[in-house]
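Chemist: Below is a structure I'd like to ask you about.
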Amino acid sequence: MTTAEEYGTALEPVEVVDAELVEDDAPGAGAVAVHDPVAAVLAALDTKAAEDLHDRRPRKTKTGYARDWELWQEFHEWLKEQTGTRLPDSSITVGTYVAFVRWLDEVKEAAPNSIERRVTGVASEARRRGYEVPKAARAAATQALKPLKLDEERQKRGRGKAAAITPADLRKMNTSPRERTPQPDARRRQVLIVPELARLRDRSLHTMRFAIAGRNSELSKLDDTGIRLVAEGLEVHVPSVKGRPARDVVVSYGENADTCAVRCWLAWKEAKLAAGAEPDGPAYLAVDQWGNLVVHRLSPDGCGRAMTRSAKYAGMTGRRITGHSGRRGLVTTGRRKGKRSEKLRTQGGWSKNSPVFWEYVDEGDKWADNATEGIGL
């Protein structure tokens with residue numbers, strides 16, 4: 001019987017070294033790439049950390065970033081049609097990022113602010129997948145966006161910025177009739193009577209939003225235990241949302257009962273407790289169309305819709321009123337009344353270098369000591 005030894009084909013034991021193949025002309029060709037256990041552990045920890053951070057993000061943020069990544073892949077398919085080559089999703093360079101901005105602008109006709117957010121979302125998703133996002137690429141995308149932001153026609157593609165509201169606007173919303181006639185495009189034609197419980201809740205919601213410069217998510221998360229009545233007014237603990245630090249602010253009694261956040265809060269709290277709300281529960285609860293109190297807290301979207309709905313039925317249709325209008329309104333109104341910027345910034349929880357906050361400050365200061373005042377014109 002013929003054996004492998006007779007033909008010299010027996011397998012000899014060899015020492016196996018972890019390595020990877022490289023092209024002959026690649027840098028370092030001929031050298032053996034030895035496995036680095038330290039680098040492997042660090043890479044695994046980075047990947048796990050990215051996944052943990054992703055899991056802690058709000059569902060709405062994760063959904064938005066996922067959509068951004070889908071657009072990034074769609075862009076690469078479009079680029080393949082133009083060039084004949086499908087680049088990998090990890091190809092984040094100055095060229096691809098600037099091309100992505102142009103594609104969103106020219107092909108998708110997205111608003112500049114939407115493009116900026118898409119770029120951020122793609123960067124976040126890329127890092128989560130372990131891809132490198134060079135600073136030069138982000139800087140180039142920002143540079144490419146600048147002229148788009150200055151284009152008025154492009155700005156019209158988006159919904160535009162939320163308009164600031166004033167105490168007069170709040171008074172108009174809070175004193176509008178409970179009977180709401182159907183809108184011209186509404187399917188139902190009967191007159192809607194706003195339940196008293198919903199009316200009291202919305203009055204408190206709007207005035208509290210303005211007083212604490214609250215975000216929709218912050219108002220939704222407020223609890224009764226975080227709103228304490230004192231002699232001067234209210235001490236409000238605004239909880240942490242989306243990783244932002246919590247803050248403690250004070251709200252004084254107002255000059256008008258219809259716009260006083262303290263009195264509106266007390267009226268709503270008394271009404272909801274009488275309707276069966278649990279003491280020390282969520283500050284703002286849902287109310288159905290028949291005026292029944294619902295046990296769960298009002299959602300962030302519900303807080304925003306309440307503001308928009310009240311503005312619409314108060315006849316404030318010439319401006320875009322959203323949940324953000326209260327935050328903007330406190331700063332612009334406060335500056336016109338001489339309130340210090342630092343006080344306003346702390347009340348709303350803006351960071352010291354927030355460009356949005358300082359934009360609101362400039363808007364409030366627009367007519368203060370203006371260049372044409374008192375110069376003999």
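All residue names refer to the structure tokens as shown: chains lettered A, B, ... in order, residues numbered from 1 in each chain, ligands numbered from 1 in order.
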Using the chain letters and numbers from this document, which residues of segment 36-216 of chain A does DSSP assign to strand (DSSP E), as a PyMOL selection string?

Modeler: chain A and resi 179-180+192-193

Chemist: Write the residues you've just listed into a file as a tab-separated table (two decimals), in the first residue's frame, and include C-alpha atoms for each of them.

Modeler:
chain	number	residue	atom	x	y	z
A	179	GLU	CA	-66.34	77.41	20.66
A	180	ARG	CA	-64.15	76.65	17.67
A	192	LEU	CA	-66.15	72.13	18.60
A	193	ILE	CA	-66.54	73.05	22.24

Chemist: At most 9 Å is the cut-off: for each residue in segment 315-348 of chain A with any atom that close to an atom of segment 286-308 of chain A, write down the nearest atom pair and the distance in Å rounded to one decimal, counting only C-alpha atoms, chain first then increasing number, as JSON lines.

Modeler:
{"residue": "A:Arg320", "atom": "CA", "partner": "A:Thr308", "partner_atom": "CA", "distance": 8.2}
{"residue": "A:Ile321", "atom": "CA", "partner": "A:Thr308", "partner_atom": "CA", "distance": 5.5}
{"residue": "A:Thr322", "atom": "CA", "partner": "A:Thr308", "partner_atom": "CA", "distance": 5.2}
{"residue": "A:Gly323", "atom": "CA", "partner": "A:Gly304", "partner_atom": "CA", "distance": 4.3}
{"residue": "A:His324", "atom": "CA", "partner": "A:Gly304", "partner_atom": "CA", "distance": 7.9}
{"residue": "A:Ser325", "atom": "CA", "partner": "A:Met307", "partner_atom": "CA", "distance": 8.6}
{"residue": "A:Gly326", "atom": "CA", "partner": "A:Met307", "partner_atom": "CA", "distance": 8.9}

Chemist: What does the file look like for those residues with C-alpha atoms, as a compact mmCIF listing (two decimals), in the first residue's frame?

Modeler:
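Produced file again_17.txt, reproduced below:
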# COMPACT_ATOMS: atom_id res chain seq x y z
CA ARG A 320 -45.36 79.99 12.44
CA ILE A 321 -46.22 79.32 16.08
CA THR A 322 -44.79 76.10 17.51
CA GLY A 323 -43.68 74.75 20.85
CA HIS A 324 -40.37 76.57 20.38
CA SER A 325 -42.10 79.96 20.14
CA GLY A 326 -42.25 80.25 23.93

Chemist: Separation of atom CA of Ser310 of chain A and atom CA of Met173 of chain A, in Å?

Modeler: 5.7 Å

Chemist: For Glu218 of chain A, please output as number ranges by chain all residues within 7 Å (counting only C-alpha atoms; exclusion window: fewer than 3 positions along the same chain).

Modeler: A: 214-215, 221-222, 238-239, 241

Chemist: For the helix (DSSP H, G or I) assignment from backbone DSSP, which residues of segment 39-186 of chain A qualify? Please present them as a count of residues only.

Modeler: 100

Chemist: Nearest to Asn113 of chain A: which of A:Arg178, A:Lys60, A:Arg67, A:Arg154 is it, counting only C-alpha atoms?

Modeler: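 Ranked by minimum distance to Asn113 of chain A, first place goes to A:Arg154.
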
Chemist: Atom CA of Arg199 of chain A and atom CA of Gly276 of chain A, how far apart in Å?

Modeler: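 Straight-line distance from atom CA of Gly276 of chain A to atom CA of Arg199 of chain A works out to 16.9 Å.
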
Chemist: Give the answer as one residue: which of A:Ala283, A:Val94, A:Leu145, A:Ala314 has the shortest atom-to-atom distance to Ser114 of chain A, using only C-alpha atoms?

Modeler: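 Ranking A:Ala283, A:Val94, A:Leu145, A:Ala314 by distance to Ser114 of chain A, first place goes to A:Leu145.
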
Chemist: I'd like the neighbourhood of Asp362 of chain A as a PDB file with N, CA and C atoms, in the first residue's frame, where a residue qualifies if any of its atoms comes within 12 Å (using only C-alpha atoms), though same-chain residues fewer than 3 positions away should be ignored.

Modeler:
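Contents of selection.pdb, freshly written:
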ATOM      1  N   ARG A 328     -38.222  81.137  22.477  1.00  0.00           N
ATOM      2  CA  ARG A 328     -37.725  82.319  21.775  1.00  0.00           C
ATOM      3  C   ARG A 328     -38.353  83.592  22.336  1.00  0.00           C
ATOM      4  N   VAL A 331     -36.837  85.165  25.614  1.00  0.00           N
ATOM      5  CA  VAL A 331     -35.572  85.884  25.433  1.00  0.00           C
ATOM      6  C   VAL A 331     -35.810  87.235  24.770  1.00  0.00           C
ATOM      7  N   THR A 332     -36.556  87.255  23.678  1.00  0.00           N
ATOM      8  CA  THR A 332     -36.763  88.527  22.972  1.00  0.00           C
ATOM      9  C   THR A 332     -37.538  89.515  23.830  1.00  0.00           C
ATOM     10  N   THR A 333     -38.591  89.043  24.510  1.00  0.00           N
ATOM     11  CA  THR A 333     -39.360  89.939  25.381  1.00  0.00           C
ATOM     12  C   THR A 333     -38.528  90.386  26.574  1.00  0.00           C
ATOM     13  N   GLY A 334     -37.788  89.425  27.154  1.00  0.00           N
ATOM     14  CA  GLY A 334     -36.958  89.760  28.307  1.00  0.00           C
ATOM     15  C   GLY A 334     -35.910  90.816  27.992  1.00  0.00           C
ATOM     16  N   ARG A 335     -35.275  90.708  26.841  1.00  0.00           N
ATOM     17  CA  ARG A 335     -34.260  91.693  26.464  1.00  0.00           C
ATOM     18  C   ARG A 335     -34.887  93.066  26.244  1.00  0.00           C
ATOM     19  N   ARG A 336     -36.068  93.086  25.642  1.00  0.00           N
ATOM     20  CA  ARG A 336     -36.736  94.380  25.439  1.00  0.00           C
ATOM     21  C   ARG A 336     -37.103  95.045  26.758  1.00  0.00           C
ATOM     22  N   SER A 341     -28.866  89.086  29.944  1.00  0.00           N
ATOM     23  CA  SER A 341     -28.737  87.908  29.083  1.00  0.00           C
ATOM     24  C   SER A 341     -28.429  86.658  29.894  1.00  0.00           C
ATOM     25  N   PRO A 355     -25.268  79.544  19.673  1.00  0.00           N
ATOM     26  CA  PRO A 355     -25.531  80.582  18.674  1.00  0.00           C
ATOM     27  C   PRO A 355     -27.006  80.921  18.576  1.00  0.00           C
ATOM     28  N   VAL A 356     -27.878  79.948  18.837  1.00  0.00           N
ATOM     29  CA  VAL A 356     -29.320  80.186  18.773  1.00  0.00           C
ATOM     30  C   VAL A 356     -29.734  81.192  19.851  1.00  0.00           C
ATOM     31  N   PHE A 357     -29.220  81.001  21.060  1.00  0.00           N
ATOM     32  CA  PHE A 357     -29.583  81.915  22.147  1.00  0.00           C
ATOM     33  C   PHE A 357     -29.159  83.337  21.821  1.00  0.00           C
ATOM     34  N   TRP A 358     -27.939  83.518  21.355  1.00  0.00           N
ATOM     35  CA  TRP A 358     -27.459  84.867  21.074  1.00  0.00           C
ATOM     36  C   TRP A 358     -28.170  85.489  19.875  1.00  0.00           C
ATOM     37  N   GLU A 359     -28.673  84.660  18.992  1.00  0.00           N
ATOM     38  CA  GLU A 359     -29.505  85.170  17.901  1.00  0.00           C
ATOM     39  C   GLU A 359     -30.797  85.768  18.472  1.00  0.00           C
ATOM     40  N   ASP A 365     -32.687  92.887  21.186  1.00  0.00           N
ATOM     41  CA  ASP A 365     -31.954  94.159  21.301  1.00  0.00           C
ATOM     42  C   ASP A 365     -32.029  95.010  20.036  1.00  0.00           C
ATOM     43  N   LYS A 366     -32.743  94.545  19.052  1.00  0.00           N
ATOM     44  CA  LYS A 366     -32.715  95.189  17.739  1.00  0.00           C
ATOM     45  C   LYS A 366     -33.034  96.684  17.792  1.00  0.00           C
ATOM     46  N   TRP A 367     -34.009  97.061  18.621  1.00  0.00           N
ATOM     47  CA  TRP A 367     -34.418  98.456  18.677  1.00  0.00           C
ATOM     48  C   TRP A 367     -33.800  99.209  19.853  1.00  0.00           C
ATOM     49  N   ALA A 368     -32.976  98.531  20.636  1.00  0.00           N
ATOM     50  CA  ALA A 368     -32.350  99.199  21.778  1.00  0.00           C
ATOM     51  C   ALA A 368     -31.142 100.010  21.311  1.00  0.00           C
ATOM     52  N   ASN A 370     -30.700 101.929  18.823  1.00  0.00           N
ATOM     53  CA  ASN A 370     -30.402 101.640  17.424  1.00  0.00           C
ATOM     54  C   ASN A 370     -29.634 102.792  16.772  1.00  0.00           C
TER      55      ASN A 370
END

Chemist: Set the distance at 12 Å and use only C-alpha atoms: which residues neighbour Arg86 of chain A once local chain neighbours fewer than 4 positions away are removed? I'd like the list as a PyMOL selection string.

Modeler: chain A and resi 73-82+90-91

Chemist: Using the selection just defined, write its residues with N, CA and C atoms as an mmCIF file, in the first residue's frame.

Modeler:
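That gives us out06.cif:
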data_model
loop_
_atom_site.group_PDB
_atom_site.id
_atom_site.type_symbol
_atom_site.label_atom_id
_atom_site.label_comp_id
_atom_site.auth_asym_id
_atom_site.auth_seq_id
_atom_site.Cartn_x
_atom_site.Cartn_y
_atom_site.Cartn_z
ATOM 1 N N GLN A 73 -26.751 56.161 1.783
ATOM 2 C CA GLN A 73 -26.657 55.016 0.883
ATOM 3 C C GLN A 73 -27.329 55.309 -0.459
ATOM 4 N N GLU A 74 -28.456 56.010 -0.404
ATOM 5 C CA GLU A 74 -29.133 56.397 -1.648
ATOM 6 C C GLU A 74 -28.244 57.325 -2.474
ATOM 7 N N PHE A 75 -27.547 58.231 -1.798
ATOM 8 C CA PHE A 75 -26.604 59.117 -2.477
ATOM 9 C C PHE A 75 -25.509 58.315 -3.184
ATOM 10 N N HIS A 76 -25.003 57.270 -2.536
ATOM 11 C CA HIS A 76 -23.949 56.459 -3.142
ATOM 12 C C HIS A 76 -24.462 55.690 -4.356
ATOM 13 N N GLU A 77 -25.728 55.273 -4.316
ATOM 14 C CA GLU A 77 -26.304 54.608 -5.493
ATOM 15 C C GLU A 77 -26.428 55.599 -6.649
ATOM 16 N N TRP A 78 -26.830 56.825 -6.327
ATOM 17 C CA TRP A 78 -26.908 57.867 -7.361
ATOM 18 C C TRP A 78 -25.517 58.154 -7.911
ATOM 19 N N LEU A 79 -24.521 58.222 -7.023
ATOM 20 C CA LEU A 79 -23.150 58.494 -7.451
ATOM 21 C C LEU A 79 -22.634 57.369 -8.350
ATOM 22 N N LYS A 80 -23.052 56.151 -8.067
ATOM 23 C CA LYS A 80 -22.641 55.020 -8.898
ATOM 24 C C LYS A 80 -23.165 55.190 -10.324
ATOM 25 N N GLU A 81 -24.403 55.690 -10.455
ATOM 26 C CA GLU A 81 -24.966 55.916 -11.786
ATOM 27 C C GLU A 81 -24.185 56.983 -12.543
ATOM 28 N N GLN A 82 -23.637 57.934 -11.812
ATOM 29 C CA GLN A 82 -22.898 59.015 -12.458
ATOM 30 C C GLN A 82 -21.473 58.600 -12.829
ATOM 31 N N SER A 90 -18.326 53.578 3.849
ATOM 32 C CA SER A 90 -17.320 54.152 4.741
ATOM 33 C C SER A 90 -16.497 55.248 4.078
ATOM 34 N N SER A 91 -16.766 55.534 2.799
ATOM 35 C CA SER A 91 -15.988 56.550 2.071
ATOM 36 C C SER A 91 -16.458 57.956 2.454
#

Chemist: What does the distance between atom CA of Leu200 of chain A and atom CA of Gly254 of chain A come to in Å, to one decimal place?

Modeler: 16.6 Å

Chemist: Given the choices A:Ile227, A:Leu148, A:Ala271, A:Ala126, which gets closest to Glu109 of chain A if the distance is worked out from only C-alpha atoms?

Modeler: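 With only C-alpha atoms as the atom set, the closest residue is A:Leu148.
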
Chemist: List as an MDAnalysis selection string the protein and nucleic acid residues near Gln143 of chain A, meaning an atom at most 12 Å away when only C-alpha atoms are counted, but skip any in the same chain fewer than 3 places from it.

Modeler: chainID A and resid 94 97:98 101:102 116 136:140 146:149

Chemist: If you keep C-alpha atoms, can you produce a file of those selected residues as a short mmCIF file (atom, residue, chain, number, x, y, z; two decimals), in the first residue's frame?

Modeler:
data_model
loop_
_atom_site.label_atom_id
_atom_site.label_comp_id
_atom_site.auth_asym_id
_atom_site.auth_seq_id
_atom_site.Cartn_x
_atom_site.Cartn_y
_atom_site.Cartn_z
CA VAL A 94 -13.96 65.96 1.67
CA TYR A 97 -19.26 64.94 1.95
CA VAL A 98 -19.37 68.05 -0.24
CA VAL A 101 -24.43 68.35 0.45
CA ARG A 102 -24.85 69.26 -3.22
CA GLU A 116 -27.03 70.42 8.09
CA ALA A 136 -11.62 68.08 7.21
CA ALA A 137 -14.70 66.45 5.69
CA ARG A 138 -17.04 67.98 8.29
CA ALA A 139 -15.40 71.38 7.86
CA ALA A 140 -15.78 71.18 4.07
CA LYS A 146 -22.77 78.59 4.11
CA PRO A 147 -23.94 80.04 0.78
CA LEU A 148 -27.04 77.82 0.87
CA LYS A 149 -28.08 79.27 4.22
#
